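Coordinates from model07.csv are shown below (CSV, C-alpha atoms).
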```csv
chain,number,residue,atom,x,y,z
F,499,MET,CA,142.8,24.4,199.6
F,500,LYS,CA,144.8,22.1,201.8
F,501,ILE,CA,146.8,19.5,199.9
F,502,GLY,CA,148.7,16.6,201.3
F,503,VAL,CA,151.8,15.2,199.5
F,504,PHE,CA,154.0,12.3,200.5
F,505,ASP,CA,157.1,10.3,199.5
F,506,SER,CA,159.7,8.1,201.0
F,507,GLY,CA,162.1,11.1,201.4
F,508,VAL,CA,163.1,14.3,199.6
F,509,GLY,CA,162.2,13.0,196.1
F,510,GLY,CA,158.6,14.0,196.4
F,511,LEU,CA,159.8,17.6,196.9
F,512,THR,CA,160.4,17.6,193.1
F,513,VAL,CA,156.7,17.1,192.8
F,514,LEU,CA,155.9,19.7,195.5
F,515,LYS,CA,158.1,22.2,193.6
F,516,GLU,CA,155.8,22.0,190.6
F,517,LEU,CA,152.6,22.1,192.7
F,518,LEU,CA,153.8,25.3,194.4
F,519,LYS,CA,152.9,27.1,191.2
F,520,TYR,CA,149.4,26.8,192.7
F,521,LYS,CA,149.5,28.8,195.8
F,522,ASN,CA,147.8,26.6,198.4
F,523,GLU,CA,148.4,25.2,201.9
F,524,TYR,CA,150.7,22.1,201.6
F,525,TYR,CA,151.4,19.4,204.1
F,526,TYR,CA,154.3,17.2,203.0
F,527,PHE,CA,155.5,14.0,204.7
F,528,GLY,CA,158.8,12.4,203.8
F,529,ASP,CA,159.4,9.0,205.4
F,530,ASN,CA,163.2,9.1,205.2
F,531,ILE,CA,163.7,6.9,208.2
F,532,ASN,CA,162.2,4.0,206.2
F,533,ILE,CA,164.0,4.7,203.0
F,534,PRO,CA,164.3,3.2,200.4
F,535,TYR,CA,160.7,2.2,199.6
F,536,GLY,CA,161.8,0.7,196.3
F,537,THR,CA,163.0,-2.5,198.0
F,538,LYS,CA,159.9,-2.9,200.4
F,539,THR,CA,157.3,-5.6,199.9
F,540,LYS,CA,153.8,-4.6,198.8
F,541,TYR,CA,152.5,-5.4,202.3
F,542,GLU,CA,155.1,-3.1,203.8
F,543,LEU,CA,154.2,-0.4,201.4
F,544,GLN,CA,150.5,-0.7,202.3
F,545,ILE,CA,151.4,-0.3,206.0
F,546,LEU,CA,153.7,2.6,205.6
F,547,ALA,CA,151.5,4.5,203.1
F,548,SER,CA,148.3,4.0,205.1
F,549,LYS,CA,149.9,5.5,208.2
F,550,ILE,CA,151.0,8.5,206.2
F,551,VAL,CA,147.6,9.0,204.5
F,552,GLU,CA,146.0,8.8,208.0
F,553,PHE,CA,148.4,11.5,209.3
F,554,LEU,CA,147.6,13.8,206.3
F,555,ILE,CA,143.9,13.2,206.8
F,556,SER,CA,144.3,14.3,210.4
F,557,LYS,CA,145.5,17.7,209.0
F,558,ASP,CA,142.1,18.1,207.3
F,559,VAL,CA,143.6,18.1,203.8
F,560,ASP,CA,141.2,18.2,200.9
F,561,MET,CA,143.2,15.9,198.7
F,562,ILE,CA,146.3,13.7,198.8
F,563,ILE,CA,149.0,13.3,196.1
F,564,ILE,CA,151.2,10.3,196.2
F,565,ALA,CA,154.6,11.8,195.1
F,566,CYS,CA,156.3,8.4,195.1
F,567,GLY,CA,156.6,6.2,192.0
F,568,THR,CA,156.9,3.0,194.1
F,569,VAL,CA,153.8,3.6,196.1
F,570,SER,CA,151.9,4.8,193.0
F,571,SER,CA,152.8,1.7,191.0
F,572,ASN,CA,152.1,-0.8,193.8
F,573,VAL,CA,149.4,0.4,196.3
F,574,TYR,CA,147.6,3.3,194.7
F,575,GLU,CA,144.4,1.3,194.0
F,576,TYR,CA,144.6,-0.1,197.6
F,577,LEU,CA,144.8,3.4,199.1
F,578,LYS,CA,142.1,4.8,196.8
F,579,ASN,CA,139.7,2.1,197.8
F,580,LYS,CA,140.6,2.3,201.5
F,581,TYR,CA,140.0,6.0,202.0
F,582,ASP,CA,137.2,8.4,201.0
F,583,ILE,CA,139.5,11.4,200.4
F,584,PRO,CA,140.5,12.1,196.8
F,585,ILE,CA,143.9,10.5,196.2
F,586,TYR,CA,146.0,11.1,193.1
F,587,ASP,CA,149.0,9.1,192.0
F,588,ILE,CA,152.1,10.4,190.2
F,589,ILE,CA,152.2,7.8,187.5
F,590,GLY,CA,148.7,7.9,185.9
F,591,PRO,CA,149.2,11.3,184.2
F,592,THR,CA,152.6,10.3,182.9
F,593,LEU,CA,151.2,7.1,181.4
F,594,ASN,CA,148.5,9.2,179.6
F,595,TYR,CA,151.2,11.5,178.4
F,596,LEU,CA,153.3,8.6,177.1
F,597,LYS,CA,150.5,7.1,174.9
F,598,ASP,CA,151.9,6.3,171.4
F,599,LYS,CA,155.4,7.3,172.5
F,600,THR,CA,158.5,5.0,172.7
F,601,TYR,CA,160.3,5.5,176.0
F,602,TYR,CA,162.7,4.0,178.5
F,603,THR,CA,162.3,4.3,182.3
F,604,PHE,CA,164.6,4.6,185.3
F,605,ALA,CA,162.7,3.1,188.2
F,606,THR,CA,163.1,1.4,191.6
F,607,PRO,CA,163.0,-2.4,192.0
F,608,MET,CA,159.4,-2.5,193.1
F,609,THR,CA,158.2,-0.2,190.3
F,610,CYS,CA,160.0,-2.4,187.8
F,611,LYS,CA,158.4,-5.4,189.4
F,612,SER,CA,154.9,-3.8,188.9
F,613,LYS,CA,155.5,-3.7,185.1
F,614,ILE,CA,153.6,-0.4,185.0
F,615,PHE,CA,156.3,1.2,182.7
F,616,ASN,CA,157.8,0.0,179.4
F,617,ASN,CA,161.5,-0.7,179.1
F,618,ALA,CA,162.1,-0.2,182.9
F,619,ILE,CA,165.7,-0.2,184.1
F,620,GLU,CA,166.2,-0.9,187.8
F,621,CYS,CA,168.2,1.8,189.5
F,622,SER,CA,168.4,0.6,193.0
F,623,LEU,CA,171.5,2.6,194.0
F,624,LEU,CA,170.3,6.1,193.2
F,625,VAL,CA,167.8,6.8,196.0
F,626,PRO,CA,170.0,6.0,198.9
F,627,SER,CA,172.9,7.9,197.3
F,628,ILE,CA,170.7,11.0,196.8
F,629,GLU,CA,169.3,10.9,200.3
F,630,ASN,CA,172.8,10.6,201.8
F,631,SER,CA,174.4,13.1,199.3
F,632,GLU,CA,176.8,10.4,198.0
F,633,ASP,CA,178.5,10.3,194.6
F,634,VAL,CA,175.9,8.9,192.1
F,635,ILE,CA,178.0,9.4,188.9
F,636,PRO,CA,179.5,5.9,188.6
F,637,ALA,CA,176.1,4.2,189.0
F,638,LEU,CA,174.4,6.8,186.8
F,639,LYS,CA,176.8,6.1,184.0
F,640,GLU,CA,176.1,2.4,184.2
F,641,TYR,CA,172.4,2.9,184.0
F,642,LEU,CA,172.6,5.5,181.2
F,643,ASP,CA,174.7,3.1,179.1
F,644,LYS,CA,171.5,1.0,178.7
F,645,ILE,CA,169.6,3.8,177.1
F,646,PRO,CA,169.8,4.3,173.3
F,647,LEU,CA,170.7,7.6,171.8
F,648,ASN,CA,168.0,10.3,171.5
F,649,SER,CA,165.5,8.4,173.7
F,650,ASN,CA,162.6,9.6,175.8
F,651,LEU,CA,163.7,8.8,179.4
F,652,VAL,CA,161.0,8.7,182.1
F,653,LEU,CA,162.3,9.6,185.6
F,654,GLY,CA,160.1,6.9,187.2
F,655,CYS,CA,161.1,7.8,190.7
F,656,THR,CA,160.6,11.3,192.1
F,657,HIS,CA,164.1,11.3,193.5
F,658,TYR,CA,165.6,11.2,190.0
F,659,PRO,CA,164.7,14.7,188.8
F,660,ILE,CA,167.2,15.9,191.5
F,661,LEU,CA,169.8,14.4,189.1
F,662,THR,CA,168.6,16.2,186.0
F,663,ASN,CA,171.8,18.3,185.5
F,664,GLU,CA,174.0,15.2,186.1
F,665,ILE,CA,172.0,13.1,183.6
F,666,LEU,CA,172.0,15.8,180.9
F,667,THR,CA,175.7,16.5,181.4
F,668,LEU,CA,176.4,12.8,180.7
F,669,ARG,CA,173.7,12.4,178.1
F,670,PRO,CA,172.5,15.7,176.5
F,671,ASP,CA,170.8,13.7,173.7
F,672,LEU,CA,168.0,12.4,176.1
F,673,ASN,CA,164.6,13.9,176.4
F,674,LEU,CA,163.8,13.7,180.2
F,675,ILE,CA,160.2,13.2,181.3
F,676,ASN,CA,159.6,14.6,184.8
F,677,MET,CA,156.5,13.1,186.4
F,678,GLY,CA,156.0,16.1,188.7
F,679,LYS,CA,155.8,18.4,185.7
F,680,VAL,CA,153.4,16.1,183.9
F,681,LEU,CA,151.2,15.9,187.0
F,682,PHE,CA,151.1,19.7,187.3
F,683,ASP,CA,150.0,20.0,183.7
F,684,SER,CA,147.1,17.5,184.3
F,685,LEU,CA,145.7,19.4,187.3
F,686,ASP,CA,143.5,22.4,187.5
F,687,LEU,CA,143.7,23.8,191.0
F,688,GLU,CA,142.7,27.1,192.4
F,689,SER,CA,145.3,29.3,194.0
F,690,ASN,CA,145.0,31.1,197.3
F,691,LYS,CA,147.7,31.8,199.9
F,692,LEU,CA,150.9,29.8,200.0
F,693,LYS,CA,151.8,27.9,203.1
F,694,VAL,CA,154.2,25.0,203.3
F,695,ARG,CA,154.6,22.5,206.2
F,696,LEU,CA,157.2,19.8,205.9
F,697,TYR,CA,157.3,16.7,208.1
F,698,PHE,CA,160.1,14.2,207.9
F,699,SER,CA,160.6,11.1,210.1
F,700,LYS,CA,164.2,12.1,210.6
F,701,VAL,CA,165.7,15.6,210.4
F,702,ASP,CA,169.4,16.4,210.1
F,703,HIS,CA,171.7,18.9,208.4
F,704,ASN,CA,171.9,16.7,205.3
F,705,LEU,CA,168.1,16.7,204.9
F,706,ILE,CA,168.0,20.5,205.3
F,707,ASN,CA,170.6,20.9,202.7
F,708,ASN,CA,168.7,18.7,200.3
F,709,ILE,CA,165.4,20.6,200.9
F,710,GLU,CA,167.2,23.9,200.2
F,711,LYS,CA,168.5,22.6,196.9
F,712,ILE,CA,165.0,21.6,195.7
F,713,ILE,CA,162.5,24.2,196.9
F,714,ASP,CA,162.9,27.9,197.3
F,715,VAL,CA,160.0,29.0,199.5
F,716,ASP,CA,159.5,29.7,203.2
F,717,TYR,CA,158.5,26.5,205.0
F,718,GLN,CA,158.0,25.0,208.5
F,719,LEU,CA,159.9,21.9,209.2
F,720,GLU,CA,159.1,19.3,211.9
F,721,GLU,CA,160.5,15.9,212.7
F,722,LEU,CA,157.7,13.4,213.1
F,723,CYS,CA,158.3,9.6,213.3
F,724,LEU,CA,155.0,7.8,212.8
F,725,ASN,CA,154.3,4.6,214.7
F,726,TYR,CA,154.0,1.8,212.2
F,727,GLN,CA,152.2,-1.3,213.4
F,728,LYS,CA,152.2,-4.5,211.3
```

Mind turning this structure into structure tokens?
Amino acid sequence: MKIGVFDSGVGGLTVLKELLKYKNEYYYFGDNINIPYGTKTKYELQILASKIVEFLISKDVDMIIIACGTVSSNVYEYLKNKYDIPIYDIIGPTLNYLKDKTYYTFATPMTCKSKIFNNAIECSLLVPSIENSEDVIPALKEYLDKIPLNSNLVLGCTHYPILTNEILTLRPDLNLINMGKVLFDSLDLESNKLKVRLYFSKVDHNLINNIEKIIDVDYQLEELCLNYQK
């Protein structure tokens, strides 16, 4: 099976990491030249996501997974209705898992605006800092101070699981909910032969270091900047 996965950058690799437990052929696109998606308008997200979906379709994938909380919360229905290929979002399975649970959510500005999650806290500084390997601790402390003790905390952007160790070091009382793991548990895919192709709109040493921190498999990496037309 060929599976397409996409995100605004390296965050979606935390979802791919879970999916790799199913040995399939994966095509991943990270649009890191246009990051962050969390501050884009819905119209901009429609344009960016549509171009990526069309690229993945050109690779003859059998299904597409939106490994981006912002795209999932704002334009999933738009994409699902626009294309015939099966498209899965990252948030739906998490919402099903959260039924009857009290929780807080770290999310991007646009995901907060969508009101898809309860008790959403806007964490606008985290994604750019993660992508650029900058110090996130001061901002992270500020966001974590807003979460009560012993809470369920949804990592509502797929970049945030990269900070799991940092979060639990600062707040070991929290129960972290990783949307990629919830998605994996909701799927029932066959396994065949593992092959991973990664496409990013900008490739540099910082990106490669981030990739190596998240996934530990052989992969092919290519720089591919898609032509977005408004």

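Atom CA of Tyr526 of chain F is positioned 9.6 Å from atom CA of Leu719 of chain F.
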
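Atom CA of Val680 of chain F to atom CA of Tyr595 of chain F spans 7.5 Å [interatomic distance, one decimal].
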
query: Mind listing as a PyMOL selection string all residues within 7 Å of (152.7, 13.4, 180.9), counting all atoms listed in the file?
result: chain F and resi 591-596+677+680-681

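Shortest atom-to-atom contact with Ile531 of chain F among F:Val513, F:Ile614, F:Val634, F:Cys723: F:Cys723, counting only C-alpha atoms.
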
message: For Leu724 of chain F, find every residue with an atom within 8 Å (counting only C-alpha atoms), except residues of its own chain fewer than 2 positions away, and show them as a ChimeraX atom specification.
response: /F:549-550,699,722,726

message: Give me, as an MDAnalysis selection string, all polymer residues having an atom no more than 6 Å from Ile564 of chain F, counting all atoms listed in the file and skipping those fewer than 4 positions away in the same chain.
response: chainID F and resid 503:504 587
